[in-house]
Amino acid sequence: MNNRRKFLQKSALGIAGLAMAPSWLQGAPSIIKSLNKPNSVINGVTIGCITYSFRSMPDQSAEATLKYVVDSGLSSIELMGDPAESFAGMPASPMNRARMFQLGGKQRRGEALTADETKELAEMQVQAQDYNKVVAAWRSSVDMKKFEQVRKMYKDAGVSIYAFKPNAFGQNNTDADIAYGMKAAKALGATHVTLEHPSDDAHTLRLGKLGELHKMGVGYHGHEQETFTFWDTALTQSKMNGLNLDAGHYIAAGHTDLIPLIEKHHARIYSMHTKDRQTPANGKGNLPWGTGDTPIGDLLKLMQKNKYKFPATIELEYQVPEGSDAVKEVQKCVEFCRKALA
């Protein structure tokens, strides 16, 4: 009881003292409120993360994803569709999405699938078509307030959402699907949506015009098909079309003009996926940061020197070591950035 009384007395004195303090100090409650919140703006450079990095973690809910982000020390993110959409009540998929992504990735990379894998992927694709119809019906009537709740939950924890990547912007998606994705992104507070570059000029024109209608940027991501002129057509089609550049894939494609590319297009880069990959001569591997050929430190310093506003988005794609997990590995990437920008 005595300890409690002393605590209350000290608290009362503290509050009274604060009331009599100079005006600048009376803002202390807001300062206190910001304590224990992440801050990944490092010496002027925004370090973010795509939540795909946490795909190996057991819980993919919006709440669990937020904890992974905060525990990693990040205050800005590119949010994948699943955490926000599941929070908003999207019907659950009957498919093994991770397995489908794995097989689809092998196919995109030109790797041969076994007969069983080919059959498995075909069955999943049929399931996906049926599921997409269910999702389209849900998207047509979902309340955007649910996405606003996600935005508030993340903001209260000190995390802003700068990009949103739902599976809603493909060539087979309707204009209504695309409008849904852009409205949801706006409700989340994002400045742009991201998607894989469709390599279809008609579709990038369509997306750009819908981006203009909904006042939402469209960032096109690339893999090893990226080149210096990869985004040129999309950029001329609409002021809302831009780059979701992947620096690691650019290096793995064998290009040596990454920095000139950034210098040329910096005003149209919405965000830059950052990972450490090897050149083709060294095997194209995805490696822990600082052991591959992507000049991550030089890129960060370029962003710092020229005061580029786009975020460097950590994308964890190398194999998580045994005994570690995705959060611990993303923490290492954040620390790499801090040392590079010190």
# chains A, B, ... in the order shown; residues from 1 in each chain; ligands from 1
>>> residues_around(residues="Met57 (chain A)", least_positions_apart="3", cutoff="12 Å", atoms="only C-alpha atoms", output="number ranges by chain")
A: 51-54, 60-61, 64-65, 67-69, 320, 324-329
>>> select_by_dssp(residues="region 85-271 of chain A", states="helix (DSSP H, G or I)", output="VMD selection string")
chain A and resid 85 to 87 97 to 108 115 to 139 145 to 156 175 to 188 201 to 214 232 to 237 247 to 252 258 to 268
>>> write_last_selection(atoms="C-alpha atoms", output="compact mmCIF listing (two decimals), in the first residue's frame")
# COMPACT_ATOMS: atom_id res chain seq x y z
CA GLU A 85 -8.32 -9.01 -47.16
CA SER A 86 -8.70 -11.79 -44.60
CA PHE A 87 -9.23 -9.10 -41.93
CA ARG A 97 -1.31 -20.94 -52.14
CA ALA A 98 2.30 -21.48 -51.13
CA ARG A 99 2.50 -24.67 -53.19
CA MET A 100 0.83 -23.01 -56.16
CA PHE A 101 3.26 -20.11 -55.95
CA GLN A 102 6.17 -22.54 -55.74
CA LEU A 103 5.13 -24.48 -58.83
CA GLY A 104 4.21 -21.33 -60.73
CA GLY A 105 7.60 -19.86 -59.86
CA LYS A 106 9.39 -22.90 -61.27
CA GLN A 107 7.35 -22.58 -64.44
CA ARG A 108 8.09 -18.83 -64.77
CA ALA A 115 4.31 -34.97 -64.78
CA ASP A 116 2.79 -35.04 -61.27
CA GLU A 117 3.67 -31.38 -60.69
CA THR A 118 2.15 -30.39 -64.03
CA LYS A 119 -1.08 -32.20 -63.14
CA GLU A 120 -1.09 -30.68 -59.64
CA LEU A 121 -0.61 -27.17 -60.99
CA ALA A 122 -3.38 -27.64 -63.58
CA GLU A 123 -5.81 -28.79 -60.87
CA MET A 124 -4.88 -25.80 -58.73
CA GLN A 125 -5.46 -23.46 -61.64
CA VAL A 126 -9.00 -24.82 -62.09
CA GLN A 127 -9.62 -24.38 -58.37
CA ALA A 128 -8.27 -20.85 -58.65
CA GLN A 129 -10.74 -19.97 -61.41
CA ASP A 130 -13.69 -21.12 -59.28
CA TYR A 131 -12.35 -19.33 -56.23
CA ASN A 132 -11.80 -16.11 -58.19
CA LYS A 133 -15.53 -15.98 -58.95
CA VAL A 134 -16.32 -16.20 -55.24
CA VAL A 135 -13.76 -13.49 -54.47
CA ALA A 136 -15.08 -11.19 -57.21
CA ALA A 137 -18.57 -11.39 -55.69
CA TRP A 138 -17.16 -10.56 -52.25
CA ARG A 139 -15.09 -7.65 -53.55
CA LYS A 145 -14.19 0.62 -43.48
CA LYS A 146 -12.54 -2.71 -42.73
CA PHE A 147 -9.44 -1.58 -44.62
CA GLU A 148 -9.55 1.72 -42.78
CA GLN A 149 -9.50 -0.27 -39.54
CA VAL A 150 -6.34 -2.05 -40.71
CA ARG A 151 -4.77 1.31 -41.52
CA LYS A 152 -5.61 2.63 -38.03
CA MET A 153 -4.37 -0.52 -36.29
CA TYR A 154 -1.05 -0.27 -38.11
CA LYS A 155 -0.78 3.50 -37.67
CA ASP A 156 -1.41 3.20 -33.93
CA ASP A 175 -12.39 -3.17 -64.12
CA ALA A 176 -14.50 -3.67 -60.98
CA ASP A 177 -11.77 -5.90 -59.47
CA ILE A 178 -9.12 -3.31 -60.26
CA ALA A 179 -11.25 -0.48 -58.85
CA TYR A 180 -11.71 -2.51 -55.66
CA GLY A 181 -7.94 -2.96 -55.31
CA MET A 182 -7.27 0.73 -55.77
CA LYS A 183 -10.03 1.78 -53.36
CA ALA A 184 -8.74 -0.67 -50.75
CA ALA A 185 -5.21 0.70 -51.23
CA LYS A 186 -6.48 4.22 -50.66
CA ALA A 187 -8.35 3.12 -47.52
CA LEU A 188 -5.10 1.58 -46.25
CA ASP A 201 0.89 -2.72 -73.46
CA ALA A 202 -2.90 -2.71 -73.61
CA HIS A 203 -3.11 -3.79 -69.97
CA THR A 204 -0.58 -1.27 -68.66
CA LEU A 205 -2.55 1.43 -70.51
CA ARG A 206 -5.76 0.18 -68.91
CA LEU A 207 -4.24 0.12 -65.43
CA GLY A 208 -2.70 3.56 -65.88
CA LYS A 209 -6.03 5.08 -66.91
CA LEU A 210 -7.83 3.42 -64.00
CA GLY A 211 -5.05 4.73 -61.76
CA GLU A 212 -5.78 8.23 -63.03
CA LEU A 213 -9.49 7.73 -62.35
CA HIS A 214 -8.89 6.54 -58.79
CA ASP A 232 9.37 2.84 -70.95
CA THR A 233 6.07 2.13 -72.66
CA ALA A 234 4.07 2.06 -69.43
CA LEU A 235 5.64 5.35 -68.34
CA THR A 236 4.57 7.09 -71.53
CA GLN A 237 1.02 5.72 -71.30
CA ALA A 247 17.35 -4.20 -57.69
CA GLY A 248 18.29 -7.81 -56.95
CA HIS A 249 16.59 -9.28 -60.01
CA TYR A 250 18.16 -6.55 -62.15
CA ILE A 251 21.62 -7.69 -61.07
CA ALA A 252 20.72 -11.37 -61.58
CA LEU A 258 21.34 -0.22 -62.26
CA ILE A 259 22.51 3.10 -60.82
CA PRO A 260 22.04 4.97 -64.16
CA LEU A 261 18.54 3.44 -64.35
CA ILE A 262 17.68 4.77 -60.89
CA GLU A 263 19.15 8.18 -61.69
CA LYS A 264 17.06 8.37 -64.86
CA HIS A 265 13.74 7.22 -63.42
CA HIS A 266 13.97 8.21 -59.74
CA ALA A 267 10.94 10.50 -60.00
CA ARG A 268 8.83 7.62 -61.33
>>> closest_residue(among="A:Ile296, A:Ala88, A:Ala190, A:Met272", to="Gly222 (chain A)", atoms="only C-alpha atoms")
A:Met272
>>> atom_distance(atom1="CA of Gly323 (chain A)", atom2="CA of Val70 (chain A)")
20.6 Å
>>> atom_distance(atom1="CA of Ala157 (chain A)", atom2="CA of Lys37 (chain A)")
6.3 Å
>>> closest_residue(among="A:Val142, A:Met90, A:Ile314, A:Ile161", to="Asp246 (chain A)", atoms="only C-alpha atoms")
A:Ile314
>>> residues_around(residues="Leu243 (chain A)", least_positions_apart="6", cutoff="7 Å", atoms="only C-alpha atoms", output="number ranges by chain")
A: 219-221, 268-271
>>> write_last_selection(atoms="N, CA and C atoms", output="compact mmCIF listing (two decimals), in the first residue's frame")
# COMPACT_ATOMS: atom_id res chain seq x y z
N GLY A 219 2.63 0.60 -59.62
CA GLY A 219 4.05 0.26 -59.70
C GLY A 219 4.24 -1.13 -60.27
N TYR A 220 4.99 -1.20 -61.37
CA TYR A 220 5.20 -2.48 -62.05
C TYR A 220 6.51 -3.12 -61.60
N HIS A 221 6.38 -4.36 -61.13
CA HIS A 221 7.51 -5.13 -60.63
C HIS A 221 8.04 -6.04 -61.73
N ARG A 268 9.94 8.51 -61.00
CA ARG A 268 8.83 7.62 -61.33
C ARG A 268 8.94 6.28 -60.59
N ILE A 269 9.94 6.17 -59.72
CA ILE A 269 10.07 4.95 -58.91
C ILE A 269 9.20 5.10 -57.68
N TYR A 270 8.21 4.24 -57.55
CA TYR A 270 7.34 4.29 -56.38
C TYR A 270 8.00 3.59 -55.19
N SER A 271 8.66 2.48 -55.46
CA SER A 271 9.35 1.73 -54.41
C SER A 271 10.33 0.77 -55.08
>>> residues_around(residues="Val193 (chain A)", least_positions_apart="5", cutoff="6 Å", atoms="only C-alpha atoms", output="MDAnalysis selection string")
chainID A and resid 163:165 218
>>> atom_distance(atom1="CA of Asn241 (chain A)", atom2="CA of Asn172 (chain A)")
19.1 Å
>>> select_by_dssp(residues="region 134-249 of chain A", states="strand (DSSP E)", output="list in words")
Ser160, Ile161, Tyr162, Ala163, Phe164, Lys165, His192, Val193, Thr194, Leu195, Glu196, Gly217, Val218, Gly219, Tyr220, His221, Asn241, Gly242, Leu243, Asn244, Leu245 and Asp246 of chain A
>>> closest_residue(among="A:His223, A:Ala112, A:Ser75, A:Gln171", to="Val159 (chain A)", atoms="only C-alpha atoms")
A:Ser75
